[in-house]
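Asks: Input file: query.cif. Contents: mmCIF, C-alpha atoms.
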data_query
loop_
_atom_site.group_PDB
_atom_site.id
_atom_site.type_symbol
_atom_site.label_atom_id
_atom_site.label_comp_id
_atom_site.auth_asym_id
_atom_site.auth_seq_id
_atom_site.Cartn_x
_atom_site.Cartn_y
_atom_site.Cartn_z
ATOM 1 C CA MET A 1 -86.653 43.233 -95.822
ATOM 2 C CA ILE A 2 -84.338 46.194 -96.479
ATOM 3 C CA GLN A 3 -84.041 47.307 -100.095
ATOM 4 C CA THR A 4 -80.488 48.197 -101.141
ATOM 5 C CA VAL A 5 -79.281 49.228 -104.593
ATOM 6 C CA LEU A 6 -77.925 45.685 -105.037
ATOM 7 C CA GLY A 7 -81.173 44.060 -103.963
ATOM 8 C CA PRO A 8 -83.038 43.142 -100.792
ATOM 9 C CA ILE A 9 -81.258 42.044 -97.625
ATOM 10 C CA ASP A 10 -82.449 40.772 -94.281
ATOM 11 C CA PRO A 11 -82.446 43.461 -91.557
ATOM 12 C CA GLY A 12 -79.929 41.362 -89.651
ATOM 13 C CA GLU A 13 -77.422 41.830 -92.492
ATOM 14 C CA LEU A 14 -77.415 45.649 -92.352
ATOM 15 C CA GLY A 15 -74.840 46.168 -89.585
ATOM 16 C CA VAL A 16 -73.591 49.584 -88.483
ATOM 17 C CA CYS A 17 -75.475 52.132 -90.589
ATOM 18 C CA LEU A 18 -75.330 55.886 -91.107
ATOM 19 C CA PRO A 19 -78.940 56.708 -92.099
ATOM 20 C CA HIS A 20 -78.472 60.215 -93.546
ATOM 21 C CA GLU A 21 -75.479 60.689 -95.854
ATOM 22 C CA HIS A 22 -74.651 61.741 -99.396
ATOM 23 C CA ILE A 23 -72.370 59.704 -101.632
ATOM 24 C CA TRP A 24 -73.096 60.920 -105.173
ATOM 25 C CA CYS A 25 -74.671 64.351 -105.701
ATOM 26 C CA ASP A 26 -74.299 67.670 -107.497
ATOM 27 C CA GLN A 27 -76.313 70.583 -106.141
ATOM 28 C CA ARG A 28 -75.457 72.639 -109.228
ATOM 29 C CA LEU A 29 -78.044 70.543 -111.102
ATOM 30 C CA GLY A 30 -80.968 71.941 -109.104
ATOM 31 C CA PRO A 31 -83.395 73.539 -111.580
ATOM 32 C CA ARG A 32 -84.319 76.500 -109.321
ATOM 33 C CA LYS A 33 -81.035 77.624 -107.801
ATOM 34 C CA ASP A 34 -82.459 81.139 -107.888
ATOM 35 C CA LEU A 35 -84.469 80.178 -104.794
ATOM 36 C CA LEU A 36 -81.273 79.697 -102.815
ATOM 37 C CA ALA A 37 -79.517 82.631 -101.174
ATOM 38 C CA ALA A 38 -78.636 85.085 -103.940
ATOM 39 C CA THR A 39 -75.126 85.676 -102.607
ATOM 40 C CA ARG A 40 -74.230 82.009 -102.190
ATOM 41 C CA PRO A 41 -71.202 81.087 -104.311
ATOM 42 C CA GLU A 42 -71.427 77.941 -106.404
ATOM 43 C CA SER A 43 -68.240 76.643 -104.733
ATOM 44 C CA THR A 44 -70.282 76.057 -101.558
ATOM 45 C CA TYR A 45 -72.788 73.736 -103.227
ATOM 46 C CA MET A 46 -73.012 70.101 -102.163
ATOM 47 C CA ARG A 47 -71.073 67.993 -104.639
ATOM 48 C CA LEU A 48 -69.611 64.485 -104.566
ATOM 49 C CA ASP A 49 -68.887 63.081 -108.019
ATOM 50 C CA ASP A 50 -65.425 61.472 -108.132
ATOM 51 C CA PHE A 51 -65.913 57.695 -108.301
ATOM 52 C CA ASP A 52 -62.436 56.660 -107.181
ATOM 53 C CA VAL A 53 -62.456 59.115 -104.278
ATOM 54 C CA MET A 54 -65.823 57.856 -103.097
ATOM 55 C CA VAL A 55 -64.694 54.218 -103.256
ATOM 56 C CA SER A 56 -61.764 55.193 -101.039
ATOM 57 C CA GLU A 57 -64.004 57.082 -98.592
ATOM 58 C CA LEU A 58 -66.519 54.245 -98.345
ATOM 59 C CA THR A 59 -63.741 51.683 -97.922
ATOM 60 C CA ALA A 60 -62.302 53.719 -95.037
ATOM 61 C CA TYR A 61 -65.768 53.752 -93.473
ATOM 62 C CA ARG A 62 -66.052 49.968 -93.791
ATOM 63 C CA ARG A 63 -62.624 49.445 -92.258
ATOM 64 C CA ALA A 64 -63.663 51.649 -89.328
ATOM 65 C CA GLY A 65 -66.644 49.385 -88.665
ATOM 66 C CA GLY A 66 -69.360 50.751 -90.947
ATOM 67 C CA ARG A 67 -71.388 48.311 -92.982
ATOM 68 C CA ALA A 68 -74.233 50.335 -94.509
ATOM 69 C CA MET A 69 -75.293 53.830 -95.468
ATOM 70 C CA VAL A 70 -78.479 55.583 -96.576
ATOM 71 C CA GLU A 71 -77.830 57.886 -99.548
ATOM 72 C CA VAL A 72 -80.442 60.623 -99.212
ATOM 73 C CA THR A 73 -79.833 62.430 -102.527
ATOM 74 C CA CYS A 74 -83.139 62.540 -104.410
ATOM 75 C CA ASP A 75 -84.118 62.907 -108.043
ATOM 76 C CA GLY A 76 -83.309 66.443 -109.191
ATOM 77 C CA TRP A 77 -79.669 66.907 -108.239
ATOM 78 C CA GLY A 78 -77.634 63.944 -109.344
ATOM 79 C CA ARG A 79 -79.135 60.788 -107.854
ATOM 80 C CA ASP A 80 -77.718 57.843 -109.836
ATOM 81 C CA LEU A 81 -78.574 54.347 -108.632
ATOM 82 C CA GLU A 82 -76.317 52.674 -111.188
ATOM 83 C CA VAL A 83 -73.301 54.571 -109.861
ATOM 84 C CA LEU A 84 -74.390 53.770 -106.304
ATOM 85 C CA ALA A 85 -74.568 50.072 -107.201
ATOM 86 C CA ARG A 86 -71.022 50.174 -108.584
ATOM 87 C CA LEU A 87 -69.801 51.982 -105.473
ATOM 88 C CA SER A 88 -71.546 49.474 -103.223
ATOM 89 C CA GLU A 89 -69.881 46.564 -104.995
ATOM 90 C CA ALA A 90 -66.443 48.190 -105.044
ATOM 91 C CA ALA A 91 -66.427 49.258 -101.384
ATOM 92 C CA GLU A 92 -68.478 46.340 -100.008
ATOM 93 C CA VAL A 93 -70.895 48.676 -98.228
ATOM 94 C CA HIS A 94 -74.686 48.310 -98.342
ATOM 95 C CA ILE A 95 -76.242 51.452 -99.863
ATOM 96 C CA VAL A 96 -79.936 52.332 -99.593
ATOM 97 C CA ALA A 97 -81.176 54.891 -102.145
ATOM 98 C CA THR A 98 -83.943 57.445 -101.633
ATOM 99 C CA SER A 99 -87.172 58.245 -103.453
ATOM 100 C CA GLY A 100 -89.189 61.425 -102.962
ATOM 101 C CA PHE A 101 -87.752 64.903 -103.396
ATOM 102 C CA TYR A 102 -85.483 67.477 -101.768
ATOM 103 C CA ILE A 103 -86.250 71.185 -101.226
ATOM 104 C CA GLU A 104 -87.948 73.264 -103.936
ATOM 105 C CA PRO A 105 -84.755 74.555 -105.613
ATOM 106 C CA HIS A 106 -83.961 70.915 -106.459
ATOM 107 C CA ILE A 107 -87.422 69.589 -107.267
ATOM 108 C CA PRO A 108 -87.752 68.568 -110.957
ATOM 109 C CA GLY A 109 -90.190 70.542 -113.082
ATOM 110 C CA PHE A 110 -92.624 67.678 -113.580
ATOM 111 C CA VAL A 111 -93.440 67.669 -109.860
ATOM 112 C CA HIS A 112 -95.084 71.081 -110.223
ATOM 113 C CA GLU A 113 -97.241 69.828 -113.101
ATOM 114 C CA TRP A 114 -98.311 66.391 -111.910
ATOM 115 C CA SER A 115 -101.155 65.614 -109.519
ATOM 116 C CA ILE A 116 -100.495 64.221 -106.039
ATOM 117 C CA GLU A 117 -101.828 60.845 -107.180
ATOM 118 C CA ARG A 118 -99.547 60.726 -110.216
ATOM 119 C CA LEU A 119 -96.539 61.662 -108.088
ATOM 120 C CA ALA A 120 -97.464 58.970 -105.575
ATOM 121 C CA ASP A 121 -97.646 56.417 -108.401
ATOM 122 C CA HIS A 122 -94.216 57.526 -109.628
ATOM 123 C CA ILE A 123 -92.417 57.232 -106.305
ATOM 124 C CA THR A 124 -94.248 54.008 -105.427
ATOM 125 C CA ARG A 125 -92.732 52.465 -108.575
ATOM 126 C CA GLU A 126 -89.264 53.600 -107.446
ATOM 127 C CA ILE A 127 -89.716 51.450 -104.331
ATOM 128 C CA GLU A 128 -91.600 48.488 -105.802
ATOM 129 C CA GLU A 129 -90.353 48.199 -109.394
ATOM 130 C CA GLY A 130 -87.104 50.144 -109.687
ATOM 131 C CA ILE A 131 -85.518 52.875 -111.794
ATOM 132 C CA GLY A 132 -84.001 52.790 -115.272
ATOM 133 C CA ALA A 133 -82.822 49.818 -117.284
ATOM 134 C CA GLY A 134 -81.213 48.234 -114.245
ATOM 135 C CA LYS A 135 -84.434 48.464 -112.207
ATOM 136 C CA ARG A 136 -82.502 49.470 -109.082
ATOM 137 C CA ARG A 137 -84.942 50.105 -106.241
ATOM 138 C CA CYS A 138 -85.063 52.792 -103.596
ATOM 139 C CA GLY A 139 -85.554 51.824 -99.970
ATOM 140 C CA LEU A 140 -87.219 54.860 -98.377
ATOM 141 C CA PHE A 141 -88.918 58.180 -99.105
ATOM 142 C CA LYS A 142 -87.758 61.722 -98.433
ATOM 143 C CA SER A 143 -89.676 64.945 -97.924
ATOM 144 C CA ALA A 144 -88.025 68.301 -97.340
ATOM 145 C CA ILE A 145 -88.747 71.935 -96.571
ATOM 146 C CA HIS A 146 -86.613 75.051 -96.762
ATOM 147 C CA ARG A 147 -89.110 77.739 -95.754
ATOM 148 C CA ALA A 148 -90.744 78.520 -92.427
ATOM 149 C CA ARG A 149 -93.827 76.461 -93.273
ATOM 150 C CA VAL A 150 -94.705 73.227 -95.042
ATOM 151 C CA GLU A 151 -96.311 74.821 -98.080
ATOM 152 C CA GLY A 152 -96.483 74.997 -101.861
ATOM 153 C CA VAL A 153 -94.818 72.273 -103.898
ATOM 154 C CA GLU A 154 -93.052 70.956 -100.789
ATOM 155 C CA LEU A 155 -96.450 70.295 -99.199
ATOM 156 C CA LYS A 156 -97.522 68.596 -102.434
ATOM 157 C CA VAL A 157 -94.514 66.289 -102.189
ATOM 158 C CA LEU A 158 -95.282 65.482 -98.558
ATOM 159 C CA MET A 159 -98.861 64.561 -99.477
ATOM 160 C CA ALA A 160 -97.667 62.305 -102.313
ATOM 161 C CA VAL A 161 -95.126 60.687 -100.016
ATOM 162 C CA ALA A 162 -97.899 60.006 -97.487
ATOM 163 C CA VAL A 163 -99.902 58.153 -100.142
ATOM 164 C CA ALA A 164 -96.894 56.148 -101.316
ATOM 165 C CA GLN A 165 -95.798 55.332 -97.778
ATOM 166 C CA LYS A 166 -99.146 53.757 -96.949
ATOM 167 C CA ARG A 167 -98.947 51.667 -100.124
ATOM 168 C CA THR A 168 -95.405 50.399 -99.584
ATOM 169 C CA GLY A 169 -94.661 50.535 -95.857
ATOM 170 C CA ALA A 170 -91.310 52.252 -96.519
ATOM 171 C CA VAL A 171 -90.138 54.780 -93.946
ATOM 172 C CA ILE A 172 -90.094 58.551 -94.599
ATOM 173 C CA THR A 173 -86.975 60.576 -93.813
ATOM 174 C CA THR A 174 -87.195 64.361 -93.607
ATOM 175 C CA HIS A 175 -85.038 67.373 -94.277
ATOM 176 C CA THR A 176 -85.913 70.238 -91.973
ATOM 177 C CA THR A 177 -84.030 73.389 -91.085
ATOM 178 C CA GLY A 178 -82.740 75.013 -87.936
ATOM 179 C CA ASP A 179 -82.736 78.464 -89.470
ATOM 180 C CA ARG A 180 -83.716 81.124 -86.943
ATOM 181 C CA ARG A 181 -86.647 82.185 -89.119
ATOM 182 C CA MET A 182 -88.381 78.903 -88.289
ATOM 183 C CA GLU A 183 -91.407 79.799 -86.181
ATOM 184 C CA VAL A 184 -92.140 76.271 -84.985
ATOM 185 C CA PRO A 185 -91.686 74.679 -81.557
ATOM 186 C CA GLY A 186 -88.024 74.144 -80.846
ATOM 187 C CA GLY A 187 -87.098 75.004 -84.411
ATOM 188 C CA VAL A 188 -88.006 71.447 -85.459
ATOM 189 C CA ALA A 189 -90.177 71.537 -88.568
ATOM 190 C CA GLY A 190 -90.758 67.817 -88.121
ATOM 191 C CA VAL A 191 -93.548 68.839 -85.739
ATOM 192 C CA GLN A 192 -95.518 70.191 -88.697
ATOM 193 C CA GLN A 193 -94.542 67.340 -90.986
ATOM 194 C CA LEU A 194 -95.719 64.782 -88.426
ATOM 195 C CA GLU A 195 -99.100 66.440 -87.947
ATOM 196 C CA ILE A 196 -99.719 66.497 -91.700
ATOM 197 C CA LEU A 197 -98.649 62.874 -92.090
ATOM 198 C CA LYS A 198 -100.825 61.724 -89.195
ATOM 199 C CA SER A 199 -103.800 63.510 -90.740
ATOM 200 C CA GLU A 200 -103.162 61.422 -93.883
ATOM 201 C CA GLY A 201 -103.031 58.165 -91.930
ATOM 202 C CA VAL A 202 -99.265 57.637 -91.708
ATOM 203 C CA SER A 203 -98.020 56.074 -88.473
ATOM 204 C CA PRO A 204 -95.468 58.182 -86.527
ATOM 205 C CA SER A 205 -93.339 55.034 -86.322
ATOM 206 C CA ARG A 206 -92.727 55.390 -90.068
ATOM 207 C CA LEU A 207 -91.231 58.891 -89.783
ATOM 208 C CA ILE A 208 -87.583 59.836 -89.290
ATOM 209 C CA VAL A 209 -87.438 63.451 -88.109
ATOM 210 C CA GLY A 210 -84.201 64.746 -89.599
ATOM 211 C CA HIS A 211 -81.712 67.482 -88.715
ATOM 212 C CA VAL A 212 -83.023 67.768 -85.149
ATOM 213 C CA ASP A 213 -79.541 68.729 -83.964
ATOM 214 C CA GLU A 214 -79.397 71.993 -85.893
ATOM 215 C CA ARG A 215 -81.572 73.742 -83.314
ATOM 216 C CA PRO A 216 -82.578 71.148 -80.719
ATOM 217 C CA ASP A 217 -85.166 71.417 -77.974
ATOM 218 C CA ILE A 218 -85.078 68.278 -75.843
ATOM 219 C CA ASP A 219 -88.682 68.591 -74.707
ATOM 220 C CA VAL A 220 -89.936 68.858 -78.294
ATOM 221 C CA LEU A 221 -87.765 65.898 -79.294
ATOM 222 C CA SER A 222 -89.052 63.888 -76.345
ATOM 223 C CA ARG A 223 -92.650 64.535 -77.380
ATOM 224 C CA LEU A 224 -91.907 63.417 -80.942
ATOM 225 C CA ALA A 225 -90.179 60.277 -79.681
ATOM 226 C CA ALA A 226 -93.053 59.561 -77.302
ATOM 227 C CA GLN A 227 -95.353 59.401 -80.339
ATOM 228 C CA GLY A 228 -93.083 56.812 -81.935
ATOM 229 C CA CYS A 229 -91.014 58.884 -84.378
ATOM 230 C CA PHE A 230 -87.354 58.218 -85.027
ATOM 231 C CA ILE A 231 -85.278 61.195 -83.827
ATOM 232 C CA GLN A 232 -82.220 61.654 -86.040
ATOM 233 C CA PHE A 233 -79.137 63.551 -84.920
ATOM 234 C CA ASP A 234 -77.638 63.714 -88.388
ATOM 235 C CA VAL A 235 -75.353 66.722 -88.703
ATOM 236 C CA ILE A 236 -72.816 65.372 -86.229
ATOM 237 C CA GLY A 237 -69.503 67.125 -86.750
ATOM 238 C CA LYS A 238 -71.076 70.360 -88.037
ATOM 239 C CA GLU A 239 -70.360 72.494 -85.022
ATOM 240 C CA HIS A 240 -71.516 75.762 -86.593
ATOM 241 C CA TYR A 241 -75.000 74.561 -85.588
ATOM 242 C CA VAL A 242 -74.344 72.922 -82.204
ATOM 243 C CA LEU A 243 -71.160 71.658 -80.563
ATOM 244 C CA ASP A 244 -70.719 67.900 -80.722
ATOM 245 C CA GLN A 245 -70.360 67.800 -76.938
ATOM 246 C CA THR A 246 -73.785 69.423 -76.632
ATOM 247 C CA ARG A 247 -75.176 66.893 -79.142
ATOM 248 C CA ALA A 248 -73.709 64.055 -77.092
ATOM 249 C CA GLU A 249 -75.255 65.421 -73.913
ATOM 250 C CA LEU A 250 -78.649 65.707 -75.613
ATOM 251 C CA VAL A 251 -78.445 62.129 -76.917
ATOM 252 C CA HIS A 252 -77.428 60.949 -73.444
ATOM 253 C CA ALA A 253 -80.375 62.799 -71.901
ATOM 254 C CA LEU A 254 -82.817 61.264 -74.394
ATOM 255 C CA VAL A 255 -81.397 57.810 -73.677
ATOM 256 C CA ARG A 256 -81.909 58.401 -69.942
ATOM 257 C CA ARG A 257 -85.500 59.503 -70.666
ATOM 258 C CA GLY A 258 -86.133 56.093 -72.208
ATOM 259 C CA TYR A 259 -85.932 56.922 -75.913
ATOM 260 C CA VAL A 260 -82.879 54.914 -76.984
ATOM 261 C CA ASP A 261 -85.070 52.873 -79.375
ATOM 262 C CA ASN A 262 -86.018 56.080 -81.230
ATOM 263 C CA LEU A 263 -82.552 57.527 -81.820
ATOM 264 C CA LEU A 264 -80.539 57.534 -85.050
ATOM 265 C CA LEU A 265 -77.064 59.004 -85.596
ATOM 266 C CA SER A 266 -75.482 60.293 -88.816
ATOM 267 C CA GLN A 267 -73.335 63.099 -90.260
ATOM 268 C CA ASP A 268 -74.876 64.374 -93.530
ATOM 269 C CA THR A 269 -71.536 64.259 -95.334
ATOM 270 C CA ASN A 270 -72.100 66.109 -98.611
ATOM 271 C CA ARG A 271 -69.047 68.073 -99.771
ATOM 272 C CA GLN A 272 -65.567 67.196 -100.941
ATOM 273 C CA THR A 273 -64.197 69.315 -98.095
ATOM 274 C CA ASP A 274 -65.729 66.823 -95.610
ATOM 275 C CA LEU A 275 -63.676 63.888 -96.897
ATOM 276 C CA HIS A 276 -60.456 62.106 -95.981
ATOM 277 C CA SER A 277 -59.081 63.281 -99.310
ATOM 278 C CA ALA A 278 -59.378 66.855 -98.000
ATOM 279 C CA GLY A 279 -57.693 66.040 -94.697
ATOM 280 C CA ARG A 280 -60.929 65.570 -92.728
ATOM 281 C CA SER A 281 -62.488 62.493 -91.101
ATOM 282 C CA GLY A 282 -65.013 61.744 -93.843
ATOM 283 C CA TYR A 283 -67.646 59.233 -92.832
ATOM 284 C CA CYS A 284 -65.467 58.116 -89.878
ATOM 285 C CA HIS A 285 -65.878 61.178 -87.648
ATOM 286 C CA ILE A 286 -68.681 59.477 -85.755
ATOM 287 C CA PHE A 287 -66.380 56.578 -84.805
ATOM 288 C CA GLU A 288 -63.346 58.705 -84.073
ATOM 289 C CA ASP A 289 -64.997 61.465 -82.066
ATOM 290 C CA PHE A 290 -68.721 61.230 -81.340
ATOM 291 C CA LEU A 291 -69.205 57.681 -80.084
ATOM 292 C CA PRO A 292 -66.311 58.087 -77.600
ATOM 293 C CA ARG A 293 -68.068 61.225 -76.304
ATOM 294 C CA LEU A 294 -71.224 59.193 -75.711
ATOM 295 C CA GLY A 295 -69.252 56.506 -73.923
ATOM 296 C CA ALA A 296 -67.587 59.050 -71.662
ATOM 297 C CA LEU A 297 -71.035 60.302 -70.635
ATOM 298 C CA GLY A 298 -72.137 56.815 -69.653
ATOM 299 C CA VAL A 299 -74.009 55.662 -72.768
ATOM 300 C CA THR A 300 -73.371 51.927 -72.871
ATOM 301 C CA ALA A 301 -72.000 49.883 -75.742
ATOM 302 C CA GLY A 302 -75.388 48.161 -75.984
ATOM 303 C CA GLU A 303 -77.210 51.483 -76.236
ATOM 304 C CA ILE A 304 -74.786 52.694 -78.917
ATOM 305 C CA ARG A 305 -75.341 49.473 -80.848
ATOM 306 C CA LYS A 306 -79.087 50.067 -80.731
ATOM 307 C CA MET A 307 -78.656 53.540 -82.240
ATOM 308 C CA MET A 308 -76.151 52.436 -84.875
ATOM 309 C CA VAL A 309 -77.432 48.962 -85.821
ATOM 310 C CA ALA A 310 -80.815 47.905 -84.466
ATOM 311 C CA ASN A 311 -82.684 51.189 -84.925
ATOM 312 C CA PRO A 312 -81.605 51.793 -88.559
ATOM 313 C CA ALA A 313 -82.496 48.187 -89.403
ATOM 314 C CA ARG A 314 -85.941 48.581 -87.866
ATOM 315 C CA ALA A 315 -86.516 51.949 -89.577
ATOM 316 C CA LEU A 316 -85.497 50.658 -93.024
ATOM 317 C CA ASP A 317 -87.341 47.356 -92.781
ATOM 318 C CA ILE A 318 -90.147 47.343 -95.343
ATOM 319 C CA ALA A 319 -92.799 45.076 -93.871
#
What's the structure tokens form of this structure?
Replies:
Amino acid sequence: MIQTVLGPIDPGELGVCLPHEHIWCDQRLGPRKDLLAATRPESTYMRLDDFDVMVSELTAYRRAGGRAMVEVTCDGWGRDLEVLARLSEAAEVHIVATSGFYIEPHIPGFVHEWSIERLADHITREIEEGIGAGKRRCGLFKSAIHRARVEGVELKVLMAVAVAQKRTGAVITTHTTGDRRMEVPGGVAGVQQLEILKSEGVSPSRLIVGHVDERPDIDVLSRLAAQGCFIQFDVIGKEHYVLDQTRAELVHALVRRGYVDNLLLSQDTNRQTDLHSAGRSGYCHIFEDFLPRLGALGVTAGEIRKMMVANPARALDIA
């Protein structure tokens, strides 16, 4: 069963899915913006909050072949499951909402005060019982870091997510960073996150290692995949990190190494400047540019379907 904001669906109903996107968010709402770069202008913050524009963007995605999307905005910077439900109905796209929390600048104050057990109870209810008067349910957990180590309140969140994951079976998706200050193998902080989760009894098969294509090391990614993790190339189109052609070559290499069942593809769309309404490709860049690159390298249509349909359905399936 996959839990969408409109209710549960069978995994076979999911279709083509982007597993790491934003649809409705406002980074200005983060309670500790002072922890972000001091010189960062507010105009650069992630923000998507025009209902009619988002219906149009999601409809364009559906017409291009998309059927589902995971909205990874968490509590603390504009998550609204009622709005997501209305968008899902209007655009006829399955939307899966996210429990857990983003990086510390966007973590609500109560997280600092509550115990790990109380936090785990809270996010378990978001999966099993729902949120607000409409009782809309989330379908996965998120844990994030923005420093060079999994520490402080972000470690607390990860520990609470581990408890809630074992209770519910829902998958965990992660935000990591490719910043050059990261002193971890290959720049992939998912290495640390995985070790902590394993120590708490979480299966690697229930972890999506996110943002691996900001600073990728194919050997590190192969080792994570070999343990059973999902490896998510999810900033496709953001070539200030890595060129899309390089991303495509890395995906192709991982497929050839036998890890096609571990791979997920997404774009992390999160700003109005990413959208069709701003003259860009919106959620359709992956269809228009990236999948043809994979095909040109020899990745088969069946392998692409695994990454875009079968793997997201398996990851999001709550046993």
Asks: Measure the distance from CA of Val16 (chain A) to CA of Gly66 (chain A) in Å and round it to one decimal.
Replies: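 Interatomic distance, CA of Val16 (chain A) to CA of Gly66 (chain A): 5.0 Å.
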Asks: Let me make sure I understand: among A:Ile318, A:Val220, A:Ile236, A:Leu275, which one has the smallest atom-to-atom distance to Ala60 (chain A) if we use only C-alpha atoms?
Replies: A:Leu275
Asks: Run the PyMOL selection byres ((chain A and resi 206) around 7) on the file and write out the hits as an NGL selection string.
Replies: :A and (171-172 or 203-205 or 207-208 or 229)
Asks: Generate the output file for the selected residues, C-alpha atoms, as a PDB file, keeping the file's coordinate frame.
Replies:
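Written file, out.pdb:
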ATOM      1  CA  VAL A 171     -90.138  54.780 -93.946  1.00  0.00           C
ATOM      2  CA  ILE A 172     -90.094  58.551 -94.599  1.00  0.00           C
ATOM      3  CA  SER A 203     -98.020  56.074 -88.473  1.00  0.00           C
ATOM      4  CA  PRO A 204     -95.468  58.182 -86.527  1.00  0.00           C
ATOM      5  CA  SER A 205     -93.339  55.034 -86.322  1.00  0.00           C
ATOM      6  CA  LEU A 207     -91.231  58.891 -89.783  1.00  0.00           C
ATOM      7  CA  ILE A 208     -87.583  59.836 -89.290  1.00  0.00           C
ATOM      8  CA  CYS A 229     -91.014  58.884 -84.378  1.00  0.00           C
TER       9      CYS A 229
END
Asks: For a test of reading the model, state the distance in Å between CA of Gln165 (chain A) and CA of Arg137 (chain A), rounded to one decimal.
Replies: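 Straight-line distance from CA of Gln165 (chain A) to CA of Arg137 (chain A) works out to 14.7 Å.
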Asks: As a check of understanding, name the residues that the PyMOL selection byres ((chain A and resi 36) around 12) selects in the supplied structure, as an MDAnalysis selection string.
Replies: chainID A and resid 27:28 30:35 37:42 44:45 103:106 146:147
Asks: Go ahead and dump the residues you just picked, C-alpha atoms, as a short mmCIF file (atom, residue, chain, number, x, y, z; two decimals), in the frame of the given file.
Replies:
data_model
loop_
_atom_site.label_atom_id
_atom_site.label_comp_id
_atom_site.auth_asym_id
_atom_site.auth_seq_id
_atom_site.Cartn_x
_atom_site.Cartn_y
_atom_site.Cartn_z
CA GLN A 27 -76.31 70.58 -106.14
CA ARG A 28 -75.46 72.64 -109.23
CA GLY A 30 -80.97 71.94 -109.10
CA PRO A 31 -83.40 73.54 -111.58
CA ARG A 32 -84.32 76.50 -109.32
CA LYS A 33 -81.04 77.62 -107.80
CA ASP A 34 -82.46 81.14 -107.89
CA LEU A 35 -84.47 80.18 -104.79
CA ALA A 37 -79.52 82.63 -101.17
CA ALA A 38 -78.64 85.08 -103.94
CA THR A 39 -75.13 85.68 -102.61
CA ARG A 40 -74.23 82.01 -102.19
CA PRO A 41 -71.20 81.09 -104.31
CA GLU A 42 -71.43 77.94 -106.40
CA THR A 44 -70.28 76.06 -101.56
CA TYR A 45 -72.79 73.74 -103.23
CA ILE A 103 -86.25 71.18 -101.23
CA GLU A 104 -87.95 73.26 -103.94
CA PRO A 105 -84.76 74.56 -105.61
CA HIS A 106 -83.96 70.92 -106.46
CA HIS A 146 -86.61 75.05 -96.76
CA ARG A 147 -89.11 77.74 -95.75
#
Asks: Using the chain letters and numbers from this file, what does the PyMOL selection byres ((chain A and resi 248) around 9) select? Give the answer as a PyMOL selection string.
Replies: chain A and resi 243-247+249-253+290-291+293-294+297
Asks: What does the distance between CA of Gly132 (chain A) and CA of Ala68 (chain A) come to in Å, to one decimal place?
Replies: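 These atoms are spaced 23.1 Å apart.
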Asks: Return the single residue from A:Leu81, A:Met54, A:Val235, A:Leu254 that is closest to Ser222 (chain A), with distances computed using only C-alpha atoms.
Replies: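 Smallest separation from Ser222 (chain A) among the options: A:Leu254.
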